[in-house]
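Asker: Here you go, final_7.txt (compact mmCIF, C-alpha atoms):
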```
# COMPACT_ATOMS: atom_id res chain seq x y z
CA MET A 1 -35.08 -18.25 80.58
CA THR A 2 -34.27 -18.38 84.29
CA SER A 3 -31.07 -17.64 86.20
CA ALA A 4 -29.54 -18.06 89.67
CA GLY A 5 -26.03 -17.53 91.12
CA THR A 6 -22.63 -18.43 89.70
CA ALA A 7 -21.83 -21.16 92.23
CA GLY A 8 -20.31 -24.08 90.39
CA LEU A 9 -18.61 -21.96 87.74
CA ALA A 10 -15.18 -23.17 88.86
CA ASP A 11 -16.31 -26.79 88.50
CA HIS A 12 -17.11 -26.48 84.81
CA ALA A 13 -14.81 -28.62 82.70
CA PHE A 14 -13.87 -25.60 80.57
CA LEU A 15 -12.47 -23.76 83.59
CA ARG A 16 -10.92 -26.74 85.36
CA GLY A 17 -7.52 -25.80 86.74
CA MET A 18 -8.00 -22.05 86.45
CA PRO A 19 -6.78 -20.18 89.58
CA ALA A 20 -9.68 -19.36 91.90
CA GLU A 21 -9.01 -15.63 91.85
CA LEU A 22 -9.37 -15.59 88.05
CA VAL A 23 -12.60 -17.59 88.20
CA ALA A 24 -13.87 -15.07 90.74
CA LEU A 25 -13.11 -12.26 88.28
CA LEU A 26 -14.88 -14.11 85.50
CA ALA A 27 -17.93 -14.65 87.71
CA ASP A 28 -18.65 -10.93 87.44
CA ALA A 29 -19.35 -11.44 83.73
CA ALA A 30 -21.18 -14.77 84.08
CA ALA A 31 -24.81 -15.60 84.73
CA PRO A 32 -26.35 -19.06 85.01
CA ILE A 33 -29.30 -19.67 82.75
CA SER A 34 -31.79 -22.45 82.13
CA VAL A 35 -33.52 -22.71 78.78
CA PRO A 36 -36.18 -25.08 77.45
CA ALA A 37 -35.97 -27.30 74.41
CA GLY A 38 -36.60 -25.30 71.27
CA TYR A 39 -35.09 -22.09 72.64
CA ARG A 40 -32.73 -20.39 70.18
CA LEU A 41 -29.53 -19.12 71.74
CA PHE A 42 -28.57 -17.22 68.58
CA ASP A 43 -29.14 -17.03 64.84
CA GLU A 44 -26.73 -16.90 61.92
CA GLY A 45 -25.74 -13.36 60.95
CA THR A 46 -26.76 -11.70 64.21
CA PRO A 47 -24.31 -9.91 66.54
CA ALA A 48 -22.18 -12.34 68.55
CA GLU A 49 -21.89 -11.00 72.07
CA ASN A 50 -21.91 -14.02 74.36
CA CYS A 51 -20.67 -17.51 74.88
CA TRP A 52 -22.03 -20.30 77.02
CA LEU A 53 -20.46 -22.95 79.21
CA LEU A 54 -23.02 -25.74 79.02
CA THR A 55 -23.70 -27.61 82.27
CA ALA A 56 -26.69 -29.70 81.18
CA GLY A 57 -28.72 -30.55 78.11
CA GLN A 58 -27.84 -30.51 74.46
CA VAL A 59 -27.60 -27.71 71.91
CA ALA A 60 -27.47 -28.00 68.11
CA LEU A 61 -25.38 -25.72 65.94
CA ASP A 62 -27.37 -25.31 62.75
CA LEU A 63 -27.71 -23.58 59.42
CA PRO A 64 -31.01 -22.40 57.99
CA MET A 65 -32.16 -24.16 54.84
CA PRO A 66 -34.91 -22.11 53.17
CA GLY A 67 -37.99 -24.24 52.75
CA ARG A 68 -36.53 -27.06 54.79
CA PRO A 69 -35.72 -27.76 58.43
CA ASN A 70 -32.45 -26.27 59.65
CA LEU A 71 -29.42 -28.46 58.94
CA ILE A 72 -27.68 -29.53 62.13
CA VAL A 73 -23.92 -29.10 61.85
CA GLU A 74 -22.92 -30.42 65.25
CA THR A 75 -24.38 -30.99 68.69
CA ILE A 76 -22.80 -29.66 71.87
CA GLY A 77 -23.28 -31.23 75.27
CA SER A 78 -22.61 -30.66 78.93
CA GLY A 79 -19.04 -29.63 79.69
CA ASP A 80 -18.55 -27.97 76.30
CA VAL A 81 -18.37 -24.31 75.33
CA ILE A 82 -20.70 -22.79 72.74
CA GLY A 83 -19.79 -19.65 70.86
CA PHE A 84 -16.49 -18.58 69.32
CA SER A 85 -17.66 -15.78 67.02
CA TRP A 86 -17.77 -13.14 69.80
CA LEU A 87 -13.97 -13.32 69.96
CA SER A 88 -13.08 -12.02 66.51
CA PRO A 89 -14.41 -9.73 63.76
CA PRO A 90 -16.99 -9.43 62.34
CA HIS A 91 -18.46 -10.53 65.69
CA GLU A 92 -21.40 -12.18 63.96
CA TRP A 93 -22.66 -15.71 64.46
CA GLN A 94 -21.65 -17.99 61.60
CA PHE A 95 -24.20 -20.62 62.62
CA GLY A 96 -27.34 -20.71 64.69
CA ALA A 97 -27.84 -22.57 67.96
CA GLN A 98 -31.01 -24.23 69.17
CA VAL A 99 -31.57 -26.10 72.40
CA LEU A 100 -32.48 -29.75 71.72
CA GLU A 101 -32.80 -30.91 75.33
CA PRO A 102 -33.58 -28.56 78.25
CA ALA A 103 -30.25 -26.93 78.94
CA ALA A 104 -28.40 -25.10 81.68
CA ALA A 105 -25.31 -23.00 81.15
CA PHE A 106 -23.19 -20.16 82.41
CA GLU A 107 -23.71 -17.32 79.97
CA LEU A 108 -20.63 -15.14 79.60
CA ASP A 109 -21.10 -11.51 78.55
CA GLY A 110 -18.57 -11.14 75.72
CA PRO A 111 -17.81 -7.40 75.96
CA ALA A 112 -17.56 -7.65 79.75
CA VAL A 113 -15.21 -10.63 79.49
CA GLN A 114 -13.07 -8.79 76.96
CA ALA A 115 -12.89 -5.77 79.27
CA LEU A 116 -11.86 -8.04 82.14
CA CYS A 117 -9.17 -9.62 79.97
CA ASP A 118 -7.85 -6.17 78.99
CA ASP A 119 -7.52 -5.32 82.66
CA HIS A 120 -6.24 -8.76 83.71
CA PRO A 121 -4.00 -10.27 81.01
CA ASP A 122 -3.49 -13.41 83.09
CA LEU A 123 -7.23 -14.08 82.85
CA GLY A 124 -7.08 -13.38 79.12
CA TYR A 125 -4.22 -15.85 78.74
CA GLN A 126 -6.05 -18.56 80.64
CA LEU A 127 -9.24 -18.04 78.63
CA ALA A 128 -7.34 -17.90 75.33
CA LEU A 129 -5.68 -21.25 76.09
CA ARG A 130 -9.02 -22.84 76.86
CA MET A 131 -10.80 -21.38 73.84
CA LEU A 132 -7.94 -22.58 71.63
CA ALA A 133 -8.10 -26.09 73.12
CA ALA A 134 -11.86 -26.20 72.55
CA ALA A 135 -11.45 -24.97 68.97
CA VAL A 136 -8.75 -27.58 68.32
CA ARG A 137 -10.98 -30.36 69.63
CA ARG A 138 -13.79 -29.13 67.39
CA LEU A 139 -11.42 -28.94 64.39
CA GLN A 140 -10.06 -32.43 64.98
CA ALA A 141 -13.57 -33.87 65.24
CA THR A 142 -14.51 -32.11 62.01
CA ARG A 143 -11.46 -33.53 60.25
CA ILE A 144 -12.40 -37.03 61.35
CA ARG A 145 -15.92 -36.54 60.00
CA LEU A 146 -14.43 -35.36 56.70
CA LEU A 147 -12.68 -38.73 56.40
CA ASP A 148 -16.11 -40.30 55.92
CA LEU A 149 -14.92 -43.38 57.78
CA TYR A 150 -18.27 -45.14 57.49
CA GLY A 151 -18.62 -44.53 53.78
CA PRO A 152 -18.14 -47.18 51.10
CA PRO A 153 -14.67 -48.75 51.35
CA GLY A 154 -12.46 -47.64 48.49
CA GLY A 155 -10.02 -49.86 46.59
CA GLY A 156 -8.57 -53.04 48.04
CA ASP A 157 -9.99 -56.46 47.31
CA ALA A 158 -13.24 -56.12 49.21
CA GLY A 159 -15.30 -59.26 48.77
CA MET B 160 -9.89 -80.66 52.46
CA THR B 161 -10.73 -81.37 56.11
CA VAL B 162 -14.23 -81.43 57.53
CA GLU B 163 -13.40 -78.13 59.27
CA THR B 164 -12.83 -76.43 55.95
CA LEU B 165 -15.85 -77.90 54.17
CA PRO B 166 -18.80 -75.53 54.01
CA ALA B 167 -22.08 -76.61 55.59
CA ARG B 168 -25.23 -75.85 53.66
CA TYR B 169 -27.47 -73.21 55.25
CA ARG B 170 -30.77 -71.96 53.93
CA ILE B 171 -31.64 -68.28 54.11
CA ALA B 172 -34.67 -68.19 56.40
CA SER B 173 -35.05 -64.43 56.60
CA ARG B 174 -33.68 -61.32 54.97
CA ALA B 175 -34.01 -57.83 56.48
CA ALA B 176 -32.68 -54.72 54.80
CA GLU B 177 -30.79 -52.62 57.37
CA THR B 178 -29.72 -49.81 55.02
CA HIS B 179 -29.43 -49.26 51.28
CA ASP B 180 -26.37 -51.53 51.13
CA THR B 181 -26.61 -53.73 54.21
CA VAL B 182 -28.84 -56.71 54.98
CA THR B 183 -29.21 -59.09 57.90
CA LEU B 184 -29.71 -62.74 56.97
CA GLY B 185 -31.18 -65.38 59.24
CA LEU B 186 -29.69 -68.78 58.34
CA GLU B 187 -30.91 -72.26 59.19
CA PRO B 188 -28.84 -75.41 58.68
CA VAL B 189 -29.90 -77.73 55.85
CA ASP B 190 -27.85 -80.65 57.17
CA GLN B 191 -25.39 -80.75 60.07
CA PRO B 192 -24.97 -77.27 61.61
CA ILE B 193 -21.58 -75.73 62.28
CA GLY B 194 -20.35 -75.75 65.87
CA PRO B 195 -21.63 -73.40 68.58
CA HIS B 196 -20.50 -69.79 68.32
CA LEU B 197 -19.76 -66.95 70.70
CA PRO B 198 -20.32 -63.20 70.20
CA GLY B 199 -17.46 -61.70 68.22
CA GLN B 200 -16.61 -64.77 66.16
CA PHE B 201 -17.03 -64.91 62.40
CA THR B 202 -17.88 -67.41 59.70
CA MET B 203 -16.85 -67.80 56.08
CA LEU B 204 -19.96 -67.39 53.94
CA TYR B 205 -19.90 -68.94 50.49
CA ALA B 206 -22.08 -67.63 47.68
CA PHE B 207 -21.91 -70.68 45.43
CA GLY B 208 -20.32 -69.91 42.11
CA VAL B 209 -19.18 -66.47 43.23
CA GLY B 210 -16.84 -66.78 46.19
CA GLU B 211 -16.36 -66.78 49.93
CA VAL B 212 -16.04 -63.92 52.45
CA PRO B 213 -15.55 -63.59 56.22
CA ILE B 214 -18.64 -62.18 57.94
CA SER B 215 -19.10 -61.52 61.64
CA ILE B 216 -21.94 -63.23 63.43
CA SER B 217 -24.42 -60.58 64.55
CA GLY B 218 -26.95 -62.71 66.38
CA PRO B 219 -27.13 -64.52 69.70
CA ALA B 220 -26.02 -68.09 70.28
CA GLY B 221 -28.38 -70.71 68.94
CA PRO B 222 -28.82 -73.35 66.29
CA GLY B 223 -29.36 -70.77 63.56
CA LEU B 224 -27.09 -67.96 62.50
CA VAL B 225 -27.71 -64.25 62.09
CA GLN B 226 -25.22 -62.46 59.89
CA THR B 227 -25.18 -58.85 58.75
CA ILE B 228 -23.56 -58.17 55.40
CA ARG B 229 -22.63 -54.95 53.64
CA SER B 230 -22.42 -55.06 49.86
CA VAL B 231 -18.88 -53.98 49.06
CA GLY B 232 -17.87 -56.45 46.34
CA ALA B 233 -19.01 -59.32 44.14
CA VAL B 234 -19.47 -61.92 46.90
CA THR B 235 -21.13 -59.66 49.43
CA GLN B 236 -23.37 -58.29 46.70
CA ALA B 237 -24.46 -61.83 45.82
CA LEU B 238 -25.15 -62.56 49.50
CA CYS B 239 -27.04 -59.29 49.99
CA GLU B 240 -29.20 -60.01 46.96
CA ALA B 241 -29.92 -63.64 47.93
CA ASP B 242 -33.56 -64.37 48.60
CA PRO B 243 -35.07 -66.42 51.43
CA GLY B 244 -34.97 -70.08 50.50
CA GLN B 245 -31.65 -69.83 48.74
CA VAL B 246 -28.84 -72.05 50.04
CA ILE B 247 -25.35 -70.75 50.81
CA GLY B 248 -22.25 -72.32 52.34
CA VAL B 249 -21.03 -71.64 55.86
CA ARG B 250 -17.71 -72.51 57.51
CA GLY B 251 -16.73 -71.76 61.06
CA PRO B 252 -17.21 -70.38 63.58
CA TYR B 253 -13.71 -68.98 63.69
CA GLY B 254 -11.63 -66.71 65.85
CA THR B 255 -11.72 -65.21 69.30
CA ASP B 256 -14.84 -63.83 70.98
CA TRP B 257 -15.54 -60.66 72.94
CA GLY B 258 -15.42 -62.40 76.33
CA VAL B 259 -18.53 -60.56 77.47
CA ALA B 260 -18.69 -62.35 80.82
CA ASP B 261 -15.34 -60.80 81.77
CA ALA B 262 -17.33 -57.63 82.48
CA ALA B 263 -19.42 -59.37 85.18
CA GLY B 264 -19.78 -57.05 88.15
CA ARG B 265 -18.48 -54.12 86.12
CA ASP B 266 -19.77 -51.83 83.39
CA LEU B 267 -19.95 -53.25 79.88
CA VAL B 268 -19.46 -50.60 77.23
CA VAL B 269 -19.70 -51.20 73.50
CA VAL B 270 -18.55 -48.57 71.03
CA ALA B 271 -19.54 -49.14 67.43
CA GLY B 272 -18.86 -47.31 64.21
CA GLY B 273 -20.96 -47.99 61.12
CA ILE B 274 -21.46 -51.67 60.42
CA GLY B 275 -19.11 -52.35 63.36
CA LEU B 276 -22.29 -52.58 65.39
CA ALA B 277 -23.00 -55.96 63.79
CA PRO B 278 -20.23 -57.96 65.53
CA LEU B 279 -21.13 -56.21 68.80
CA ARG B 280 -24.84 -56.96 68.62
CA GLY B 281 -24.39 -60.52 69.83
CA ALA B 282 -22.34 -59.32 72.79
CA LEU B 283 -24.96 -56.73 73.65
CA LEU B 284 -27.82 -59.23 73.42
CA ALA B 285 -25.89 -61.64 75.63
CA ALA B 286 -25.37 -58.91 78.23
CA LEU B 287 -29.02 -57.85 78.15
CA ALA B 288 -30.09 -61.48 78.55
CA ALA B 289 -28.10 -61.58 81.79
CA ARG B 290 -28.56 -57.92 82.69
CA ASP B 291 -28.15 -58.45 86.45
CA MET B 292 -24.59 -59.67 85.92
CA TYR B 293 -23.43 -56.18 84.98
CA ARG B 294 -23.59 -52.71 86.45
CA ARG B 295 -24.17 -50.35 83.53
CA VAL B 296 -24.52 -51.54 79.96
CA VAL B 297 -23.59 -48.64 77.69
CA VAL B 298 -23.88 -48.55 73.91
CA LEU B 299 -22.19 -45.75 71.96
CA ILE B 300 -22.90 -45.76 68.24
CA GLY B 301 -21.50 -43.65 65.44
CA ALA B 302 -23.12 -43.76 62.01
CA ARG B 303 -22.59 -41.94 58.76
CA SER B 304 -26.17 -40.61 58.72
CA PRO B 305 -29.50 -41.56 60.30
CA ASP B 306 -30.37 -43.52 57.15
CA GLU B 307 -27.24 -45.63 57.50
CA LEU B 308 -27.73 -46.65 61.11
CA VAL B 309 -27.94 -50.44 61.32
CA PHE B 310 -30.35 -52.12 63.77
CA ALA B 311 -32.12 -48.77 64.14
CA GLY B 312 -35.36 -50.57 64.93
CA GLU B 313 -33.83 -52.27 67.96
CA LEU B 314 -32.47 -49.28 69.86
CA GLU B 315 -35.60 -48.72 71.94
CA ALA B 316 -35.74 -52.39 72.90
CA TRP B 317 -32.11 -52.20 74.03
CA ARG B 318 -32.95 -49.15 76.13
CA ALA B 319 -35.97 -50.92 77.58
CA GLY B 320 -33.72 -53.87 78.35
CA GLY B 321 -31.48 -51.74 80.54
CA ALA B 322 -28.85 -50.28 78.22
CA ASP B 323 -27.84 -46.64 77.99
CA VAL B 324 -27.79 -46.06 74.24
CA LEU B 325 -26.27 -42.94 72.70
CA VAL B 326 -26.16 -42.44 68.94
CA THR B 327 -24.32 -39.83 66.93
CA VAL B 328 -24.15 -39.27 63.19
CA ASP B 329 -21.57 -37.61 61.00
CA ARG B 330 -24.24 -35.93 58.91
CA ALA B 331 -27.72 -35.10 60.11
CA THR B 332 -30.72 -35.32 57.84
CA ALA B 333 -34.07 -33.59 58.15
CA GLY B 334 -35.86 -34.61 61.29
CA TRP B 335 -32.80 -35.90 63.14
CA THR B 336 -32.70 -34.47 66.65
CA GLY B 337 -29.96 -36.64 68.14
CA HIS B 338 -26.24 -36.07 68.46
CA VAL B 339 -24.20 -34.90 65.50
CA GLY B 340 -20.45 -35.46 65.71
CA VAL B 341 -17.89 -38.21 66.04
CA VAL B 342 -18.42 -41.21 68.28
CA THR B 343 -15.47 -40.30 70.50
CA GLN B 344 -17.44 -37.24 71.64
CA LEU B 345 -19.99 -39.58 73.20
CA ILE B 346 -17.40 -41.01 75.57
CA GLY B 347 -17.42 -37.90 77.75
CA ARG B 348 -21.19 -37.67 77.63
CA ALA B 349 -21.60 -41.28 78.76
CA GLN B 350 -19.77 -40.51 82.02
CA LEU B 351 -17.97 -43.85 82.12
CA ASP B 352 -16.29 -45.18 85.23
CA PRO B 353 -12.77 -45.81 83.92
CA ALA B 354 -11.88 -48.01 86.87
CA ALA B 355 -14.72 -50.44 86.33
CA ALA B 356 -15.46 -50.73 82.65
CA LEU B 357 -14.72 -53.27 79.95
CA VAL B 358 -15.00 -51.59 76.57
CA LEU B 359 -15.57 -53.45 73.30
CA VAL B 360 -14.86 -51.42 70.17
CA CYS B 361 -15.64 -52.27 66.56
CA GLY B 362 -15.64 -50.17 63.42
CA PRO B 363 -13.23 -48.90 60.79
CA GLU B 364 -9.66 -49.29 62.02
CA VAL B 365 -9.04 -45.54 62.23
CA MET B 366 -12.21 -45.14 64.28
CA MET B 367 -11.10 -47.90 66.67
CA ARG B 368 -7.66 -46.33 67.08
CA LEU B 369 -9.12 -42.89 67.82
CA THR B 370 -11.72 -44.37 70.15
CA ALA B 371 -9.16 -46.37 72.09
CA ARG B 372 -6.98 -43.28 72.38
CA ALA B 373 -9.93 -41.22 73.66
CA LEU B 374 -10.82 -43.96 76.15
CA CYS B 375 -7.25 -44.00 77.45
CA GLU B 376 -7.40 -40.20 77.83
CA HIS B 377 -10.50 -40.75 79.98
CA GLY B 378 -8.48 -43.07 82.21
CA LEU B 379 -9.38 -46.49 80.80
CA PRO B 380 -6.49 -48.94 81.11
CA PRO B 381 -5.60 -50.28 77.62
CA GLY B 382 -6.04 -53.80 78.98
CA ASN B 383 -9.75 -53.07 79.52
CA ILE B 384 -10.28 -52.19 75.87
CA ARG B 385 -10.86 -54.83 73.19
CA VAL B 386 -10.98 -54.19 69.47
CA SER B 387 -12.05 -56.34 66.54
CA LEU B 388 -9.44 -56.42 63.80
CA GLU B 389 -9.93 -57.49 60.24
CA ARG B 390 -7.52 -58.50 57.51
CA ASN B 391 -7.90 -60.71 54.50
CA MET B 392 -9.30 -63.83 56.15
CA ARG B 393 -9.30 -66.75 53.70
CA CYS B 394 -8.84 -70.18 55.27
CA GLY B 395 -10.14 -69.37 58.75
CA THR B 396 -7.85 -72.00 60.21
CA ALA B 397 -4.53 -70.13 60.50
CA GLU B 398 -2.91 -72.00 57.64
CA CYS B 399 -2.83 -69.68 54.64
CA GLY B 400 -1.36 -66.59 56.31
CA HIS B 401 -3.45 -64.07 54.38
CA CYS B 402 -4.74 -62.46 57.57
CA GLN B 403 -1.36 -62.00 59.21
CA LEU B 404 -0.90 -58.80 61.22
CA GLY B 405 2.59 -58.84 62.69
CA PRO B 406 2.74 -61.84 65.00
CA LEU B 407 -1.01 -62.44 64.77
CA LEU B 408 -3.02 -64.58 62.41
CA LEU B 409 -6.29 -62.79 62.87
CA CYS B 410 -8.54 -65.68 61.87
CA ARG B 411 -7.16 -67.54 64.89
CA ASP B 412 -5.68 -64.90 67.24
CA GLY B 413 -8.42 -62.39 66.38
CA PRO B 414 -10.66 -60.85 65.39
CA VAL B 415 -11.09 -59.75 69.00
CA VAL B 416 -7.77 -58.58 70.41
CA SER B 417 -6.87 -56.67 73.56
CA TYR B 418 -5.90 -53.09 72.76
CA THR B 419 -2.71 -53.71 74.72
CA ARG B 420 -1.74 -56.17 72.02
CA ALA B 421 -3.27 -54.31 69.10
CA ALA B 422 -2.01 -50.78 69.77
CA PRO B 423 1.59 -51.28 68.66
CA LEU B 424 0.41 -53.04 65.49
CA LEU B 425 -2.09 -50.41 64.36
CA SER B 426 0.41 -47.67 63.62
CA VAL B 427 2.95 -49.67 61.63
CA GLN B 428 2.95 -49.09 57.88
CA GLU B 429 2.98 -52.16 55.63
CA LEU B 430 2.65 -54.60 58.49
```
Is it possible to give me this structure as structure tokens?

Answerer:
Amino acid sequence: MTSAGTAGLADHAFLRGMPAELVALLADAAAPISVPAGYRLFDEGTPAENCWLLTAGQVALDLPMPGRPNLIVETIGSGDVIGFSWLSPPHEWQFGAQVLEPAAAFELDGPAVQALCDDHPDLGYQLALRMLAAAVRRLQATRIRLLDLYGPPGGGDAG
Amino acid sequence: MTVETLPARYRIASRAAETHDTVTLGLEPVDQPIGPHLPGQFTMLYAFGVGEVPISISGPAGPGLVQTIRSVGAVTQALCEADPGQVIGVRGPYGTDWGVADAAGRDLVVVAGGIGLAPLRGALLAALAARDMYRRVVVLIGARSPDELVFAGELEAWRAGGADVLVTVDRATAGWTGHVGVVTQLIGRAQLDPAAALVLVCGPEVMMRLTARALCEHGLPPGNIRVSLERNMRCGTAECGHCQLGPLLLCRDGPVVSYTRAAPLLSVQEL
């Protein structure tokens, strides 16, 4: 894992539109990282203390299947955020995350971000809005998948 | 019965299983072939003694026909189970085409869901055959699972031919290392140029509606989005009215329709 400065943090789609002074505050809790394919960002059941704003590559959220390869739940790409479990109890990862394609991201230190939000409620509000929007997008996509749109057509007079 | 509504006899020259319930048939005329076809049009395929169904043409222009069929009922099951050498009936070609050449000088983007890739395959092959006419050629595919991805064996050839191909599945299986999620999530990853793209969309109607909405959110003008609509096509000649969707008779005015025209029709109950 390698890291450099936080230049470009304000350009990430997740933070688009956030006032510059709030991005500057957040930069204190952010570090850019680069990770190779195969690297595991986190594992199910371990403490959730970070989240990542992906700037390149692809990451799979997965579940371990004893005796079989991990089951991929969803893939996350550039411009997306990875990691919601650090926000709420029990602060444990509900899934795992493995890098599929060499990835770059801004890694946010969860406890540091929460401390910043306690001290700067306007930053907390802006982050909460963005996390909610990301969670809603993820929920809507999941609902569409539940529809099983490509499954066998039901009813009607299919020929 | 006019000549236009009489089926021509075609012999099944080849049969390739795409998935557990979908096959691609190569058809050669026994007598006089039907007229020339364009990508996006459909034919009525007749399994003698069973019935007739509308099926999109999935191959390039030529004397023969390539048609991809999913077994969803008695007629399609009979067609899917037909062996090479067997003779079936063909009427058509019917309906509007994708108008692929309208994307000349711009980006051509095809977005397919499930077997919706079949009607788009002809458009894609036409674009790759004249690759220099277009800027980017982008293919976004959503499938139920890796096992249910049609034309899976052709994806590398499409990439080699100059297309950017992204595939996502609703459910991953062991060994799958590609995208997992809905096809609309690929739109952002494809980094489309909304000002210079013609987008062709085909799949289940809900998928097309959500895709068109996502494209519009990315800045695509609705007029640069085309969808392929399907109703109960019977005659193919705009006489029986079974395929009516509001003011459209889809066997004549469709299946390919501008999203500008389709959008207000896709959210009306009982239309």

Asker: Sorted by chain and rising residue number, list the residues of chain A at most 6 Å from chain B (counting all atoms listed in the file), each with its closest atom pair and distance in Å to one decimal, as CSV.

Answerer:
```
residue,atom,partner,partner_atom,distance
A:Ile72,CA,B:Ala331,CA,5.9
A:Glu74,CA,B:Val339,CA,4.7
A:Thr75,CA,B:Val339,CA,5.0
A:Arg145,CA,B:Asp329,CA,5.8
A:Tyr150,CA,B:Gly273,CA,5.3
A:Ala158,CA,B:Gly232,CA,5.5
A:Gly159,CA,B:Gly232,CA,4.5
```

Asker: Residues at most 9 Å from Ala27 of chain A, counting only C-alpha atoms, excluding those fewer than 4 positions away in the same chain, as a list in words?

Answerer: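 The neighbour list is Thr6, Ala7, Leu9, Leu22, Val23, Ala31 and Leu108 of chain A.
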
Asker: So the first atom is atom CA of Ile171 of chain B and the second is atom CA of Ala241 of chain B; what is the distance between them in Å, to one decimal place?

Answerer: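 Answer for the atom CA of Ile171 of chain B to atom CA of Ala241 of chain B separation: 7.9 Å.
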
Asker: Could you tell me how far atom CA of Ser215 of chain B lies from atom CA of Thr255 of chain B, in Å and to one decimal?

Answerer: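 Atom CA of Ser215 of chain B sits 11.3 Å away from atom CA of Thr255 of chain B.
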
Asker: Please measure the separation of atom CA of Leu54 of chain A and atom CA of Ser78 of chain A, giving the value in Å to one decimal.

Answerer: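 It comes out at 4.9 Å.
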
Asker: Excluding Pro111 of chain A and residues on its chain fewer than 3 positions from it, collect all residues at most 7 Å away from it, counting all atoms listed in the file, and give them as a list of chain:residue names.

Answerer: A:Glu49, A:Gln114, A:Ala115

Asker: Can you tell me, as a ChimeraX atom specification, what residues are no more than 7 Å from Gly96 of chain A when counting only C-alpha atoms, ignoring any on the same chain fewer than 3 positions away?

Answerer: /A:42-44,61-63,93

Asker: Taking 2 positions as the minimum chain separation for residues in the same chain, which residues sit within 7 Å of Ala103 of chain A when counting all atoms listed in the file? Answer as a count of residues only.

Answerer: 9

Asker: Pick out the closest residue to Gly251 of chain B from this set: B:Leu238, B:Cys361, B:Met203, B:Val326. Count only C-alpha atoms.

Answerer: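 For Gly251 of chain B, the nearest of the given residues is B:Met203.
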
Asker: Could you pull segment 288-302 of chain B out of the block above and save it with N, CA and C atoms, as a tab-separated table (two decimals), in the first residue's frame?

Answerer:
```tsv
chain	number	residue	atom	x	y	z
B	288	ALA	N	-18.10	-3.12	-38.27
B	288	ALA	CA	-17.70	-3.32	-39.67
B	288	ALA	C	-17.33	-2.00	-40.34
B	289	ALA	N	-17.80	-0.90	-39.76
B	289	ALA	CA	-17.46	0.43	-40.28
B	289	ALA	C	-16.92	1.27	-39.12
B	290	ARG	N	-15.97	0.69	-38.40
B	290	ARG	CA	-15.53	1.27	-37.12
B	290	ARG	C	-15.06	2.71	-37.26
B	291	ASP	N	-14.45	3.06	-38.39
B	291	ASP	CA	-13.91	4.41	-38.55
B	291	ASP	C	-14.99	5.48	-38.62
B	292	MET	N	-16.23	5.05	-38.86
B	292	MET	CA	-17.32	6.03	-38.96
B	292	MET	C	-17.67	6.64	-37.61
B	293	TYR	N	-17.27	5.96	-36.54
B	293	TYR	CA	-17.72	6.37	-35.20
B	293	TYR	C	-16.53	6.75	-34.34
B	294	ARG	N	-16.80	7.56	-33.32
B	294	ARG	CA	-15.75	7.81	-32.32
B	294	ARG	C	-15.68	6.58	-31.42
B	295	ARG	N	-16.26	6.63	-30.26
B	295	ARG	CA	-16.24	5.42	-29.41
B	295	ARG	C	-17.43	4.52	-29.77
B	296	VAL	N	-17.22	3.24	-29.64
B	296	VAL	CA	-18.32	2.27	-29.66
B	296	VAL	C	-18.31	1.61	-28.27
B	297	VAL	N	-19.39	1.82	-27.54
B	297	VAL	CA	-19.45	1.37	-26.15
B	297	VAL	C	-20.59	0.37	-26.00
B	298	VAL	N	-20.31	-0.73	-25.34
B	298	VAL	CA	-21.31	-1.77	-25.11
B	298	VAL	C	-21.44	-2.00	-23.61
B	299	LEU	N	-22.62	-1.76	-23.07
B	299	LEU	CA	-22.88	-1.97	-21.65
B	299	LEU	C	-23.92	-3.09	-21.55
B	300	ILE	N	-23.56	-4.15	-20.84
B	300	ILE	CA	-24.42	-5.33	-20.80
B	300	ILE	C	-24.74	-5.69	-19.36
B	301	GLY	N	-26.02	-5.92	-19.11
B	301	GLY	CA	-26.44	-6.45	-17.82
B	301	GLY	C	-27.03	-7.84	-18.03
B	302	ALA	N	-26.62	-8.77	-17.19
B	302	ALA	CA	-27.14	-10.14	-17.30
B	302	ALA	C	-27.54	-10.63	-15.91
```
